[in-house]
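Peer 1: My file is run_19.cif. It has mmCIF, C-alpha atoms:
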data_query
loop_
_atom_site.label_atom_id
_atom_site.label_comp_id
_atom_site.auth_asym_id
_atom_site.auth_seq_id
_atom_site.Cartn_x
_atom_site.Cartn_y
_atom_site.Cartn_z
CA MET A 15 -98.39 -71.14 81.47
CA ALA A 16 -96.76 -74.55 81.63
CA ARG A 17 -93.38 -74.79 79.91
CA LEU A 18 -93.19 -77.57 77.35
CA ASP A 19 -89.55 -78.57 76.69
CA ARG A 20 -88.82 -80.47 73.49
CA LEU A 21 -87.10 -83.79 74.02
CA PRO A 22 -84.08 -84.33 71.76
CA SER A 23 -84.05 -86.91 68.94
CA LEU A 24 -86.94 -89.07 70.11
CA PRO A 25 -87.36 -92.20 67.95
CA ARG A 26 -90.47 -92.52 65.83
CA LEU A 27 -92.72 -95.39 64.85
CA PRO A 28 -93.78 -95.61 61.21
CA ARG A 29 -97.17 -94.02 60.71
CA PRO A 30 -99.93 -96.22 59.29
CA PRO A 31 -100.15 -95.81 55.50
CA GLY A 32 -102.72 -93.24 54.45
CA PRO A 33 -105.26 -91.39 56.57
CA ARG A 34 -107.46 -94.41 57.27
CA LEU A 35 -107.80 -94.22 61.04
CA SER A 36 -110.04 -97.29 61.05
CA SER A 37 -107.21 -99.42 59.67
CA ALA A 38 -104.80 -97.99 62.25
CA LEU A 39 -107.31 -98.64 65.02
CA LEU A 40 -107.81 -102.21 63.84
CA GLY A 41 -104.06 -102.82 63.91
CA ALA A 42 -103.72 -101.22 67.33
CA THR A 43 -106.58 -103.33 68.68
CA ALA A 44 -104.96 -106.51 67.40
CA LEU A 45 -101.72 -105.48 69.08
CA GLU A 46 -103.61 -104.76 72.31
CA LEU A 47 -105.03 -108.28 72.32
CA PHE A 48 -101.59 -109.73 71.70
CA VAL A 49 -100.12 -107.66 74.53
CA LEU A 50 -102.97 -108.67 76.83
CA ALA A 51 -102.29 -112.34 76.19
CA GLY A 52 -98.62 -111.83 76.93
CA ARG A 53 -99.37 -109.88 80.09
CA LEU A 54 -101.65 -112.64 81.37
CA ALA A 55 -98.86 -115.16 80.74
CA VAL A 56 -96.24 -113.25 82.73
CA TYR A 57 -98.56 -111.82 85.39
CA PRO A 58 -97.88 -114.58 87.98
CA PHE A 59 -94.14 -113.86 87.82
CA GLY A 60 -94.72 -110.28 88.96
CA LEU A 61 -96.81 -111.03 92.03
CA ALA A 62 -93.89 -111.40 94.44
CA PRO A 63 -92.16 -108.22 95.68
CA GLU A 64 -88.96 -107.33 93.92
CA ARG A 65 -85.67 -108.41 95.44
CA GLY A 66 -83.29 -105.76 96.69
CA GLY A 67 -85.81 -103.76 98.66
CA THR A 68 -89.24 -104.25 100.15
CA ALA A 69 -92.08 -101.80 100.19
CA PRO A 70 -93.39 -100.81 103.63
CA ALA A 71 -96.46 -102.62 104.88
CA GLU A 72 -98.42 -99.46 105.64
CA ALA A 73 -98.85 -96.25 103.75
CA GLY A 74 -98.39 -92.86 105.31
CA PRO A 75 -96.82 -89.48 104.68
CA PRO A 76 -93.25 -89.72 103.43
CA ALA A 77 -90.39 -88.84 105.74
CA THR A 78 -89.03 -85.31 105.62
CA THR A 79 -85.31 -85.83 106.17
CA ASP A 80 -82.69 -86.19 103.49
CA PRO A 81 -80.41 -89.14 104.41
CA PRO A 82 -76.84 -88.12 103.55
CA ALA A 83 -74.80 -90.45 101.40
CA PRO A 84 -71.86 -92.11 103.22
CA ALA A 85 -68.61 -90.32 102.57
CA THR A 86 -67.07 -93.43 101.02
CA THR A 87 -69.97 -94.06 98.61
CA VAL A 88 -69.42 -93.31 94.93
CA LEU A 89 -72.86 -92.77 93.42
CA PRO A 90 -73.68 -93.37 89.76
CA ALA A 91 -74.55 -90.23 87.83
CA ALA A 92 -78.18 -91.19 87.21
CA PRO A 93 -80.66 -91.70 90.06
CA PRO A 94 -82.66 -94.92 90.53
CA VAL A 95 -85.84 -95.37 88.49
CA VAL A 96 -89.07 -96.44 90.21
CA LEU A 97 -91.61 -98.26 88.02
CA LEU A 98 -95.27 -98.06 89.05
CA HIS A 99 -97.85 -100.25 87.30
CA GLY A 100 -101.48 -99.57 86.44
CA PHE A 101 -104.79 -100.82 87.81
CA ILE A 102 -105.03 -104.61 88.45
CA ASP A 103 -101.48 -105.13 87.23
CA ASN A 104 -98.04 -105.70 88.73
CA ARG A 105 -94.36 -105.15 88.03
CA SER A 106 -94.38 -107.71 85.18
CA ALA A 107 -95.85 -104.95 82.98
CA PHE A 108 -92.40 -103.37 82.74
CA VAL A 109 -90.34 -106.33 81.52
CA VAL A 110 -89.34 -104.56 78.27
CA LEU A 111 -88.72 -101.17 79.86
CA ARG A 112 -86.64 -102.70 82.67
CA ARG A 113 -84.32 -104.36 80.18
CA THR A 114 -83.99 -101.18 78.14
CA LEU A 115 -83.08 -99.11 81.19
CA ALA A 116 -80.74 -101.73 82.65
CA ARG A 117 -78.82 -102.01 79.36
CA HIS A 118 -78.06 -98.30 79.62
CA GLY A 119 -76.85 -98.36 83.20
CA ARG A 120 -80.04 -97.35 85.00
CA ARG A 121 -81.28 -99.02 88.18
CA PRO A 122 -85.00 -99.76 87.79
CA GLU A 123 -86.98 -100.86 90.84
CA SER A 124 -90.68 -101.74 90.89
CA LEU A 125 -93.36 -101.19 93.49
CA ASN A 126 -96.40 -103.47 93.59
CA TYR A 127 -99.46 -101.94 95.21
CA SER A 128 -102.45 -104.11 96.02
CA PRO A 129 -105.38 -104.27 93.55
CA LEU A 130 -107.50 -103.90 96.68
CA THR A 131 -106.10 -100.41 97.29
CA ARG A 132 -109.15 -98.15 97.40
CA ASP A 133 -107.64 -94.68 97.34
CA VAL A 134 -105.04 -92.87 95.23
CA ARG A 135 -103.91 -90.92 98.29
CA THR A 136 -103.16 -94.13 100.22
CA ALA A 137 -101.19 -95.55 97.33
CA ALA A 138 -99.30 -92.26 96.98
CA GLY A 139 -98.33 -92.44 100.64
CA LEU A 140 -97.04 -95.98 100.11
CA LEU A 141 -95.04 -94.76 97.13
CA GLY A 142 -93.54 -91.99 99.26
CA ARG A 143 -92.33 -94.48 101.86
CA HIS A 144 -90.90 -96.69 99.14
CA VAL A 145 -88.99 -93.76 97.65
CA GLU A 146 -87.58 -92.87 101.07
CA GLU A 147 -86.39 -96.45 101.51
CA ILE A 148 -84.68 -96.39 98.11
CA CYS A 149 -82.97 -93.08 98.88
CA ALA A 150 -81.75 -94.34 102.25
CA ARG A 151 -80.48 -97.58 100.72
CA THR A 152 -78.77 -96.11 97.67
CA GLY A 153 -77.55 -92.80 99.05
CA HIS A 154 -79.34 -90.85 96.32
CA SER A 155 -81.43 -87.87 97.32
CA ARG A 156 -83.70 -88.07 94.24
CA VAL A 157 -85.26 -90.69 91.98
CA ASP A 158 -87.03 -90.84 88.63
CA ILE A 159 -90.47 -92.46 88.33
CA VAL A 160 -92.21 -94.09 85.38
CA GLY A 161 -95.93 -94.76 85.90
CA HIS A 162 -98.38 -96.49 83.58
CA SER A 163 -102.05 -95.44 83.66
CA LEU A 164 -103.21 -95.32 87.30
CA GLY A 165 -99.58 -95.66 88.40
CA GLY A 166 -98.81 -92.31 86.81
CA LEU A 167 -101.75 -90.69 88.60
CA ILE A 168 -100.57 -92.08 91.94
CA ALA A 169 -97.06 -90.79 91.29
CA ARG A 170 -98.35 -87.35 90.30
CA TYR A 171 -100.40 -87.14 93.49
CA TYR A 172 -97.30 -87.99 95.51
CA VAL A 173 -95.26 -85.35 93.70
CA GLN A 174 -97.85 -82.59 93.66
CA ARG A 175 -99.76 -83.11 96.92
CA LEU A 176 -97.42 -84.96 99.31
CA GLY A 177 -94.20 -83.04 98.74
CA GLY A 178 -92.70 -85.71 96.51
CA ASP A 179 -91.24 -83.09 94.17
CA ARG A 180 -88.38 -82.88 96.68
CA ARG A 181 -87.53 -86.51 95.87
CA VAL A 182 -88.63 -86.97 92.24
CA ARG A 183 -86.46 -85.46 89.52
CA THR A 184 -88.49 -86.65 86.50
CA LEU A 185 -91.92 -88.26 86.36
CA VAL A 186 -92.76 -90.08 83.12
CA THR A 187 -96.38 -91.14 82.67
CA LEU A 188 -97.74 -93.55 80.07
CA GLY A 189 -101.44 -93.27 79.26
CA THR A 190 -102.31 -91.61 82.57
CA PRO A 191 -105.72 -89.90 83.02
CA HIS A 192 -104.34 -86.57 84.21
CA GLY A 193 -107.60 -84.82 83.37
CA GLY A 194 -109.85 -87.76 84.22
CA THR A 195 -111.17 -90.29 81.72
CA ALA A 196 -114.77 -90.89 80.67
CA VAL A 197 -113.98 -94.57 80.06
CA ALA A 198 -113.16 -96.46 83.25
CA PRO A 199 -114.42 -100.07 83.42
CA GLY A 200 -116.06 -100.86 86.74
CA ALA A 201 -116.21 -97.18 87.70
CA GLY A 202 -119.32 -97.78 89.75
CA VAL A 203 -117.73 -100.65 91.68
CA HIS A 204 -114.11 -99.87 92.59
CA PRO A 205 -113.46 -96.59 94.45
CA ILE A 206 -109.96 -96.04 93.02
CA VAL A 207 -111.33 -96.38 89.49
CA ARG A 208 -113.98 -93.77 90.26
CA GLN A 209 -111.13 -91.46 91.24
CA MET A 210 -109.84 -91.67 87.66
CA ARG A 211 -113.04 -90.14 86.34
CA GLY A 212 -113.18 -86.50 85.33
CA GLY A 213 -114.41 -84.30 88.16
CA SER A 214 -113.39 -86.71 90.95
CA SER A 215 -111.97 -85.24 94.14
CA VAL A 216 -108.49 -86.51 93.23
CA ILE A 217 -108.57 -84.97 89.75
CA GLU A 218 -109.81 -81.68 91.20
CA GLU A 219 -107.01 -81.68 93.80
CA LEU A 220 -104.47 -82.08 91.01
CA ARG A 221 -105.97 -79.11 89.20
CA GLY A 222 -105.11 -76.96 92.22
CA PRO A 223 -102.07 -74.69 92.48
CA ALA A 224 -98.63 -76.30 92.62
CA PRO A 225 -96.25 -73.34 92.87
CA GLY A 226 -92.55 -74.15 92.89
CA CYS A 227 -92.98 -77.82 91.95
CA ARG A 228 -89.46 -79.11 91.26
CA THR A 229 -90.35 -82.26 89.29
CA ARG A 230 -90.37 -82.23 85.51
CA PHE A 231 -93.17 -84.18 83.81
CA VAL A 232 -93.06 -86.14 80.56
CA SER A 233 -96.45 -87.55 79.53
CA PHE A 234 -96.75 -90.09 76.71
CA TRP A 235 -100.21 -90.21 75.15
CA SER A 236 -101.55 -92.19 72.21
CA GLU A 237 -104.18 -91.09 69.71
CA LEU A 238 -105.40 -94.73 69.66
CA ASP A 239 -105.66 -95.14 73.45
CA GLN A 240 -109.23 -96.36 73.93
CA VAL A 241 -109.01 -96.11 77.72
CA MET A 242 -108.24 -92.39 77.74
CA VAL A 243 -111.40 -90.52 76.64
CA PRO A 244 -110.80 -87.99 75.32
CA VAL A 245 -107.24 -88.94 74.36
CA GLY A 246 -106.00 -85.49 75.41
CA THR A 247 -106.80 -86.31 79.03
CA ALA A 248 -103.48 -88.18 79.12
CA CYS A 249 -101.62 -84.88 78.65
CA VAL A 250 -100.34 -82.79 81.56
CA ASP A 251 -101.98 -79.38 81.34
CA HIS A 252 -101.19 -77.32 84.43
CA PRO A 253 -99.82 -73.75 84.61
CA ASP A 254 -97.44 -74.52 87.48
CA LEU A 255 -95.86 -77.70 86.13
CA ASP A 256 -92.80 -78.08 83.90
CA ALA A 257 -94.22 -80.57 81.40
CA VAL A 258 -93.79 -82.00 77.92
CA ASN A 259 -96.48 -84.12 76.25
CA VAL A 260 -95.21 -86.76 73.82
CA ARG A 261 -97.58 -88.06 71.16
CA VAL A 262 -97.42 -91.76 70.31
CA THR A 263 -98.89 -93.06 67.05
CA GLY A 264 -100.14 -96.52 66.12
CA ILE A 265 -100.48 -98.28 69.48
CA GLY A 266 -103.03 -98.47 72.28
CA HIS A 267 -103.12 -98.32 76.06
CA LEU A 268 -101.68 -101.70 77.03
CA ALA A 269 -98.83 -101.49 74.52
CA LEU A 270 -97.42 -98.24 75.90
CA PRO A 271 -95.17 -99.79 78.59
CA VAL A 272 -94.01 -102.72 76.44
CA HIS A 273 -93.38 -101.26 72.99
CA PRO A 274 -89.60 -101.16 72.34
CA THR A 275 -89.70 -97.78 70.62
CA VAL A 276 -91.66 -96.21 73.46
CA ALA A 277 -89.21 -97.77 75.92
CA ALA A 278 -86.33 -96.14 74.05
CA ALA A 279 -88.15 -92.81 74.10
CA VAL A 280 -88.76 -93.12 77.85
CA ARG A 281 -85.07 -93.75 78.37
CA GLU A 282 -84.19 -90.65 76.38
CA ALA A 283 -86.73 -88.63 78.37
CA LEU A 284 -85.06 -89.73 81.61
CA GLU A 285 -81.65 -88.86 80.23
CA ALA A 286 -82.69 -85.39 79.04
CA PRO A 287 -80.88 -82.62 80.93
CA GLU A 288 -82.73 -80.75 83.63
CA ALA A 289 -83.57 -77.08 83.27
CA GLY A 290 -80.37 -75.07 83.40
CA GLU A 291 -78.24 -77.96 82.14
CA ASP A 292 -79.02 -77.35 78.46
CA ASP A 293 -79.70 -73.92 76.99
CA ALA A 294 -80.81 -75.40 73.67
CA THR A 295 -84.29 -76.48 74.77
CA ALA A 296 -87.25 -75.27 72.74
CA THR A 297 -90.88 -74.66 73.55
CA GLY A 298 -93.58 -76.96 72.18
CA THR A 299 -94.78 -80.54 72.10
CA THR A 300 -93.05 -83.50 70.48
CA SER A 301 -93.72 -86.97 69.12
CA ALA A 302 -92.26 -90.34 70.00
CA ALA A 303 -94.02 -92.67 67.63
#
Would you give me this structure, written as structure tokens?

Peer 2:
Amino acid sequence: MARLDRLPSLPRLPRPPGPRLSSALLGATALELFVLAGRLAVYPFGLAPERGGTAPAEAGPPATTDPPAPATTVLPAAPPVVLLHGFIDNRSAFVVLRRTLARHGRRPESLNYSPLTRDVRTAAGLLGRHVEEICARTGHSRVDIVGHSLGGLIARYYVQRLGGDRRVRTLVTLGTPHGGTAVAPGAGVHPIVRQMRGGSSVIEELRGPAPGCRTRFVSFWSELDQVMVPVGTACVDHPDLDAVNVRVTGIGHLALPVHPTVAAAVREALEAPEAGEDDATATGTTSAA
């Protein structure tokens, strides 16, 4: 069975008063609309590739060599963090998370993939090449990845099916349809959206065996996420994967990558010690908000 390690001291959001889910849903929906308006305002600023490194023009299988760090290079303790956005989005989605990570000494880098990308596998190959470029440029042999929605699914495919577990230390997903979602707007039109549906060939591939996978998974899911149906589909449930599922309360799908408390919890998840570094880990799930 999958091992679920408890994250230490994750911050919490105040729960809505009383058991009235309808009131909580109304508040979350209002917040979603506010976030959507903000995302539309900053979207043009995220269209250009990020400075400091360019993604390769073509996708393909990632390289298989580990570039050694130069002998004179002093590497920071923490690896770089790759941020991967969701469907029809870009790197501007991570403005809050980038600032949170940068304030604590992390090195976040974003990858924009085209909204015209038609296949999760193609996007995963592009991600693999981008990770190799980051490793070669920084001297690090591993990275962390944070993926929102479809971005998390692309990152998981890279880790689980393209050998990316050799490069990815921790994969954090935010509202990602690990089990496939029954709600996917335009599912009959865009091929990559159809791949997010339950029972798709991509979802079935990810259900397959993954023995010896070296990446640890942290999946944030919200009980008010109206894009993940059922909401539990955003949890990682695989017998071969080292995973913890973090419940978020009071916010919806679009707010996950921009809520300050979730950003703080993501940072703590990335800073959590790997297996063998801390003997005080417990078994179970946890809550971030």

Peer 1: Have a look at A:Arg228, A:Arg221, A:Arg175, A:Arg105 and name the one nearest to Glu123 (chain A); count only C-alpha atoms.

Peer 2: A:Arg105

Peer 1: Do you know which residues the PyMOL selection byres ((chain A and resi 254) around 6) returns on this file, as a VMD selection string?

Peer 2: chain A and resid 16 224 to 225 252 to 253 255

Peer 1: Can you translate the PyMOL selection byres ((chain A and resi 100) around 12) into the concrete residues it hits in this file, as a PyMOL selection string?

Peer 2: chain A and resi 97-99+101-108+124-129+131+134+137+160-169+187-191+206-207+210+267-268+270-271

Peer 1: What is the CA of Ala269 (chain A)-CA of Leu50 (chain A) distance in Å, reported with one decimal?

Peer 2: 8.6 Å

Peer 1: Could you tell me which of A:Asp239, A:Pro122, A:Thr247, A:Gly213 comes closest to Ile265 (chain A) if we count only C-alpha atoms?

Peer 2: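 So, comparing all the options, the nearest one is A:Asp239.
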
Peer 1: Give me, as an MDAnalysis selection string, all polymer residues having an atom no more than 8 Å from Pro93 (chain A), counting all atoms listed in the file and skipping those fewer than 3 positions away in the same chain.

Peer 2: chainID A and resid 90 120:121 154 156:158

Peer 1: Distance CA of Val49 (chain A)-CA of Ile217 (chain A), one decimal place?

Peer 2: 28.6 Å

Peer 1: Could you write region 103-136 of chain A of the block just shown to a file containing N, CA and C atoms, as a compact mmCIF listing (two decimals), in the first residue's frame?

Peer 2:
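Output (result_39.txt):
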# COMPACT_ATOMS: atom_id res chain seq x y z
N ASP A 103 -3.48 28.18 -19.50
CA ASP A 103 -2.93 29.11 -18.51
C ASP A 103 -1.48 29.34 -18.85
N ASN A 104 -0.76 30.07 -18.01
CA ASN A 104 0.67 30.26 -18.21
C ASN A 104 1.32 30.53 -16.85
N ARG A 105 2.58 30.89 -16.88
CA ARG A 105 3.36 30.99 -15.65
C ARG A 105 2.85 32.09 -14.71
N SER A 106 2.00 33.00 -15.20
CA SER A 106 1.48 34.05 -14.34
C SER A 106 0.60 33.49 -13.22
N ALA A 107 0.15 32.24 -13.35
CA ALA A 107 -0.67 31.62 -12.32
C ALA A 107 0.07 31.46 -10.99
N PHE A 108 1.40 31.52 -11.03
CA PHE A 108 2.19 31.22 -9.85
C PHE A 108 2.83 32.46 -9.22
N VAL A 109 2.25 33.63 -9.46
CA VAL A 109 2.89 34.85 -8.96
C VAL A 109 3.03 34.83 -7.43
N VAL A 110 2.01 34.35 -6.72
CA VAL A 110 2.08 34.31 -5.25
C VAL A 110 3.06 33.24 -4.78
N LEU A 111 2.97 32.06 -5.36
CA LEU A 111 3.84 30.97 -4.96
C LEU A 111 5.31 31.28 -5.25
N ARG A 112 5.58 31.92 -6.39
CA ARG A 112 6.96 32.29 -6.72
C ARG A 112 7.56 33.19 -5.64
N ARG A 113 6.78 34.17 -5.22
CA ARG A 113 7.29 35.10 -4.22
C ARG A 113 7.52 34.40 -2.89
N THR A 114 6.61 33.51 -2.53
CA THR A 114 6.76 32.77 -1.28
C THR A 114 8.02 31.93 -1.30
N LEU A 115 8.26 31.21 -2.39
CA LEU A 115 9.44 30.36 -2.49
C LEU A 115 10.72 31.18 -2.53
N ALA A 116 10.70 32.27 -3.30
CA ALA A 116 11.90 33.10 -3.44
C ALA A 116 12.29 33.74 -2.12
N ARG A 117 11.30 34.12 -1.31
CA ARG A 117 11.60 34.72 -0.01
C ARG A 117 12.29 33.74 0.92
N HIS A 118 12.15 32.47 0.66
CA HIS A 118 12.77 31.46 1.52
C HIS A 118 13.93 30.77 0.82
N GLY A 119 14.51 31.44 -0.15
CA GLY A 119 15.76 30.98 -0.73
C GLY A 119 15.63 29.93 -1.81
N ARG A 120 14.41 29.63 -2.28
CA ARG A 120 14.26 28.67 -3.36
C ARG A 120 14.43 29.34 -4.70
N ARG A 121 14.61 28.53 -5.75
CA ARG A 121 14.85 29.06 -7.09
C ARG A 121 13.75 28.58 -8.03
N PRO A 122 12.58 29.23 -8.02
CA PRO A 122 11.49 28.77 -8.89
C PRO A 122 11.70 29.15 -10.35
N GLU A 123 11.42 28.22 -11.24
CA GLU A 123 11.46 28.46 -12.67
C GLU A 123 10.17 27.91 -13.26
N SER A 124 9.63 28.59 -14.26
CA SER A 124 8.36 28.19 -14.85
C SER A 124 8.55 27.70 -16.27
N LEU A 125 7.69 26.76 -16.64
CA LEU A 125 7.66 26.26 -18.02
C LEU A 125 6.29 26.53 -18.59
N ASN A 126 6.22 27.28 -19.69
CA ASN A 126 4.98 27.46 -20.43
C ASN A 126 4.89 26.40 -21.52
N TYR A 127 3.80 25.63 -21.51
CA TYR A 127 3.54 24.76 -22.65
C TYR A 127 2.36 25.34 -23.42
N SER A 128 2.30 25.08 -24.71
CA SER A 128 1.30 25.71 -25.56
C SER A 128 -0.10 25.19 -25.24
N PRO A 129 -1.12 26.08 -25.26
CA PRO A 129 -2.50 25.61 -25.10
C PRO A 129 -2.94 24.74 -26.27
N LEU A 130 -2.15 24.74 -27.33
CA LEU A 130 -2.46 23.89 -28.48
C LEU A 130 -1.88 22.49 -28.33
N THR A 131 -1.12 22.25 -27.26
CA THR A 131 -0.59 20.91 -27.00
C THR A 131 -1.74 19.92 -26.90
N ARG A 132 -1.66 18.83 -27.65
CA ARG A 132 -2.78 17.91 -27.76
C ARG A 132 -2.60 16.62 -26.98
N ASP A 133 -1.46 16.44 -26.33
CA ASP A 133 -1.21 15.16 -25.71
C ASP A 133 -0.38 15.34 -24.43
N VAL A 134 -0.80 14.71 -23.34
CA VAL A 134 -0.07 14.76 -22.09
C VAL A 134 1.33 14.20 -22.27
N ARG A 135 1.47 13.16 -23.06
CA ARG A 135 2.78 12.53 -23.24
C ARG A 135 3.76 13.49 -23.91
N THR A 136 3.29 14.25 -24.90
CA THR A 136 4.14 15.22 -25.58
C THR A 136 4.59 16.31 -24.61
